[in-house]
Each structure stands twice: as structure tokens, then as C-alpha cells.
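This report concerns only the one structure given below.
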Amino acid sequence: MSIQIKTIQRYEEVTQLLYNIRKSLFFDDLKKHERETLEDQKNYLEPERVALKNSIDFHQAYDLLDSDSETAIMKLTELGWSVEEWEFENDTWRSKDQHESIRNF
């Protein structure tokens, strides 16, 4: 499983947009409606940025599972995955409690 280039590009775009919005909110002399519009855009983009970052981090950790399982498990745990509940069976990572699975390509 590899990270899609579009995911990384979108993460970079959203990060740059958020930087520009924060810079404008801090330095520019804005009218009330302009400030509100920028705040709304910022509030809309922040969760997307977090989701994209988590996706990138997850894919990087997942790619490490076969080569460096200890590092991968630490990264997945940091992302909130309960790694102790996962098992590798038939070339697939599968949750013991839930019926989720991630195919190992």
C-alpha cells in the first residue's frame, strides 16, 4: 500500500492555504465580513488537513509493518489504532474484535 501522490499534493495545498489564511488574519487589515469568511474557510480546511496527515502517517506506518514491525506498531498506536487487536493471517491484517481487514499488497 503506497501513499497516493494526490493525497500528498492535497495535503501540501491545504497546508499552504491555511498558512495564507492565518497570515492574512494576523497581518492584514480586514473588514468584519472578510475576517468571518477567512475564519470559516480556516475552520473548514483544518479537519481536512488533519485527516490527510493521518492518512499519510497511516500509510507510512502500514508500509513498515513487514520490514520494521516495532516502529510500525508505535506509529499506528500514536495514530490511535489498537495494534494489539490486529493479527496477520492469509496475507491480510485483520482486526480480532471487528471484522475489518487491510489487504497486504
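How things are named: the first chain in the C-alpha cells is A, the next is B, and so on; residues count from 1 in each chain; ligands count from 1 in the order shown.
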For Leu38 of chain A: contacts at 9 Å, only C-alpha atoms, fewer than 2 positions along chain excluded, given as a compact mmCIF listing (two decimals) with C-alpha atoms, in the first residue's frame:
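Resulting contents of selection06.txt:
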```
# COMPACT_ATOMS: atom_id res chain seq x y z
CA ILE A 21 -5.34 32.43 5.71
CA ARG A 22 -3.63 32.65 9.11
CA SER A 24 -3.92 37.30 6.35
CA LEU A 25 -5.95 37.10 9.56
CA HIS A 33 -17.15 40.06 6.76
CA GLU A 34 -13.72 39.33 5.24
CA ARG A 35 -12.43 38.11 8.59
CA GLU A 36 -15.52 35.94 9.08
CA ASP A 40 -14.98 29.95 8.04
CA GLN A 41 -12.52 28.78 5.38
CA LYS A 42 -9.92 28.05 8.05
CA ASN A 43 -12.42 26.07 10.14
```
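Distances to Glu12 of chain A were evaluated for A:Lys31, A:Tyr44, A:Gly80, A:Val50 using only C-alpha atoms, and the minimum falls at A:Val50.
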Write out as an mmCIF file with C-alpha atoms, in the first residue's frame the residues lying within 12 Å of Gln16 of chain A, counting only C-alpha atoms and excluding same-chain residues fewer than 5 positions away.
```cif
data_model
loop_
_atom_site.group_PDB
_atom_site.id
_atom_site.type_symbol
_atom_site.label_atom_id
_atom_site.label_comp_id
_atom_site.auth_asym_id
_atom_site.auth_seq_id
_atom_site.Cartn_x
_atom_site.Cartn_y
_atom_site.Cartn_z
ATOM 1 C CA GLN A 9 -0.336 17.163 -3.076
ATOM 2 C CA ARG A 10 -3.706 17.950 -1.494
ATOM 3 C CA TYR A 11 -2.104 17.967 1.971
ATOM 4 C CA ILE A 21 -5.339 32.426 5.711
ATOM 5 C CA ARG A 22 -3.628 32.648 9.115
ATOM 6 C CA LYS A 23 -1.124 35.161 7.759
ATOM 7 C CA LYS A 42 -9.917 28.055 8.051
ATOM 8 C CA LEU A 45 -9.851 23.276 5.998
ATOM 9 C CA GLU A 46 -8.336 22.350 9.383
ATOM 10 C CA ARG A 49 -5.599 18.817 6.831
#
```
| query | Using only C-alpha atoms, which residues sit within 9 Å of Ile56 of chain A once same-chain residues fewer than 6 positions away are excluded, as a ChimeraX atom specification? | reply | /A:3-4,7-8,11
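Among A:Leu30, A:Asp63, A:Leu79, A:Ile5, the residue with the shortest atom-to-atom distance to Ala51 of chain A, counting only C-alpha atoms, is A:Leu79.
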| Running DSSP on the backbone, which parts of segment 11-82 of chain A land in alpha helix (DSSP H), as an MDAnalysis selection string? | chainID A and resid 11:27 32:64 69:78
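Between atom CA of Leu18 of chain A and atom CA of Asn54 of chain A the separation is 17.0 Å.
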| request: Record the distance separating atom CA of Ser55 of chain A and atom CA of Thr37 of chain A, expressed in Å with one decimal. | output: 27.7 Å
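Proximity to Leu76 of chain A was assessed for A:Val14, A:Pro47, A:His59, A:Leu52 counting only C-alpha atoms; the smallest distance is recorded for A:His59.
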